[in-house]
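Undergrad: Provided below: entry_29.csv, containing CSV, C-alpha atoms.
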chain,number,residue,atom,x,y,z
A,13,MET,CA,67.6,-52.1,-57.1
A,14,SER,CA,65.6,-54.4,-54.8
A,15,LYS,CA,64.0,-53.1,-51.7
A,16,LYS,CA,65.3,-54.1,-48.3
A,17,THR,CA,62.2,-56.1,-47.6
A,18,GLU,CA,62.8,-58.1,-50.7
A,19,ARG,CA,66.3,-59.0,-49.6
A,20,VAL,CA,65.2,-60.7,-46.4
A,21,VAL,CA,66.5,-64.3,-46.2
A,22,ALA,CA,64.8,-66.9,-44.0
A,23,LEU,CA,66.9,-68.4,-41.2
A,24,PRO,CA,68.0,-72.0,-41.6
A,25,ALA,CA,65.7,-74.6,-40.2
A,26,GLY,CA,66.0,-74.9,-36.4
A,27,LEU,CA,67.8,-71.5,-36.0
A,28,LEU,CA,66.1,-68.9,-33.9
A,29,PRO,CA,67.4,-65.4,-33.3
A,30,LEU,CA,68.0,-64.1,-29.8
A,31,LEU,CA,65.3,-61.7,-28.7
A,32,SER,CA,65.9,-58.3,-27.2
A,33,LYS,CA,64.1,-57.5,-23.9
A,34,PRO,CA,61.3,-55.5,-25.7
A,35,GLN,CA,60.8,-58.4,-28.2
A,36,PHE,CA,60.7,-60.9,-25.4
A,37,GLU,CA,58.1,-58.9,-23.6
A,38,THR,CA,56.0,-58.7,-26.7
A,39,TYR,CA,56.4,-62.5,-27.4
A,40,TYR,CA,55.1,-63.4,-23.9
A,41,GLY,CA,52.8,-60.4,-23.6
A,42,VAL,CA,54.2,-59.3,-20.3
A,43,SER,CA,55.6,-56.1,-18.8
A,44,ASP,CA,59.2,-55.1,-18.3
A,45,TRP,CA,58.7,-55.7,-14.6
A,46,GLN,CA,57.6,-59.3,-15.1
A,47,VAL,CA,60.7,-60.0,-17.2
A,48,THR,CA,62.9,-58.4,-14.6
A,49,LYS,CA,61.2,-60.6,-12.0
A,50,TRP,CA,61.9,-63.8,-14.1
A,51,ILE,CA,65.6,-62.8,-14.5
A,52,ALA,CA,65.9,-62.3,-10.7
A,53,ALA,CA,64.4,-65.8,-10.3
A,54,GLY,CA,67.1,-67.3,-12.5
A,55,MET,CA,65.7,-67.2,-16.0
A,56,PRO,CA,68.7,-67.7,-18.4
A,57,PHE,CA,69.8,-64.9,-20.7
A,58,GLU,CA,72.8,-64.0,-22.9
A,59,PRO,CA,74.7,-60.9,-22.0
A,60,PHE,CA,74.9,-58.4,-24.9
A,61,ALA,CA,76.8,-55.2,-25.6
A,62,GLY,CA,76.8,-52.9,-22.5
A,63,ARG,CA,74.2,-53.9,-20.0
A,64,GLN,CA,71.7,-55.4,-22.5
A,65,LYS,CA,70.4,-58.9,-22.5
A,66,ARG,CA,69.2,-61.3,-25.2
A,67,PHE,CA,66.9,-64.2,-24.7
A,68,ASP,CA,67.1,-67.6,-26.4
A,69,LEU,CA,63.7,-69.2,-26.6
A,70,THR,CA,65.1,-72.7,-26.9
A,71,VAL,CA,66.7,-72.3,-23.5
A,72,ILE,CA,63.9,-70.3,-21.9
A,73,ARG,CA,61.0,-72.7,-22.8
A,74,PRO,CA,62.2,-75.5,-20.5
A,75,TRP,CA,62.9,-72.9,-17.7
A,76,MET,CA,59.4,-71.6,-18.1
A,77,ALA,CA,57.9,-75.1,-17.8
A,78,GLU,CA,59.6,-75.6,-14.5
A,79,ASN,CA,59.3,-72.1,-13.0
A,80,ASP,CA,56.2,-70.4,-14.4
A,81,PRO,CA,53.7,-73.1,-15.6
A,82,ALA,CA,51.2,-70.3,-16.7
A,83,PHE,CA,53.6,-69.5,-19.6
A,84,ALA,CA,54.9,-73.0,-20.3
A,85,ASP,CA,52.1,-73.8,-22.8
A,86,GLU,CA,53.0,-72.4,-26.2
A,87,SER,CA,49.3,-72.2,-27.2
A,88,LEU,CA,48.8,-69.6,-24.5
A,89,VAL,CA,51.7,-67.5,-25.8
A,90,THR,CA,50.6,-67.5,-29.4
A,91,ALA,CA,46.9,-66.8,-28.5
A,92,SER,CA,47.8,-63.8,-26.4
A,93,ALA,CA,50.4,-62.4,-28.9
Do you think you could lay out the structure here as structure tokens?
TA:
Amino acid sequence: MSKKTERVVALPAGLLPLLSKPQFETYYGVSDWQVTKWIAAGMPFEPFAGRQKRFDLTVIRPWMAENDPAFADESLVTASA
């Protein structure tokens, strides 16, 4: 029987998964407090089961460009991650 890691299927082109809050924090290299501050400032998110939130990077990138230019440049994100 194949291992679980061998059964992973790549997502179709252009499809990105929604990130959980801890995944989003890791992606941008910021703290929980910073993400909470961005949410209070109007950063878009998708409600999830219970009180959880999920983050769609395709929606958040334009918001970041307008509201927090320090994180708008993708090269900065990938360099710090």
Undergrad: One decimal, Å: what's the distance from atom CA of Gly54 of chain A over to atom CA of Ile72 of chain A, could you say?
TA: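 Interatomic distance, atom CA of Gly54 of chain A to atom CA of Ile72 of chain A: 10.4 Å.
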Undergrad: Mind pulling up the distance from atom CA of Ala82 of chain A to atom CA of Arg66 of chain A?
TA: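 Pair atom CA of Arg66 of chain A / atom CA of Ala82 of chain A returns 21.8 Å.
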Undergrad: Rank A:Val71, A:Leu28, A:Pro81, A:Asp44 by their smallest atom-to-atom distance to Phe57 of chain A, using all atoms listed in the file, and report the top residue only.
TA: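 Among A:Val71, A:Leu28, A:Pro81, A:Asp44, it is A:Val71 that comes nearest to Phe57 of chain A.
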Undergrad: Interatomic distance between atom CA of Glu58 of chain A and atom CA of Trp45 of chain A?
TA: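 These two atoms are separated by 18.3 Å.
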Undergrad: For Gln35 of chain A, list every protein, DNA or RNA residue within 12 Å, evaluated using only C-alpha atoms, and leave out those in the same chain fewer than 2 positions away; present the list as a list in words.
TA: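 Near neighbours after the sequence-gap exclusion: Pro29, Leu30, Leu31, Ser32, Lys33, Glu37, Thr38, Tyr39, Tyr40, Gly41, Val42, Ser43, Asp44, Val47, Lys65, Arg66, Phe67, Asp68, Leu69 and Ala93 of chain A.
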Undergrad: Quick one: of A:Glu78, A:Ala25, A:Pro34, A:Phe60, who's nearest to Gln46 of chain A, counting only C-alpha atoms?
TA: A:Pro34
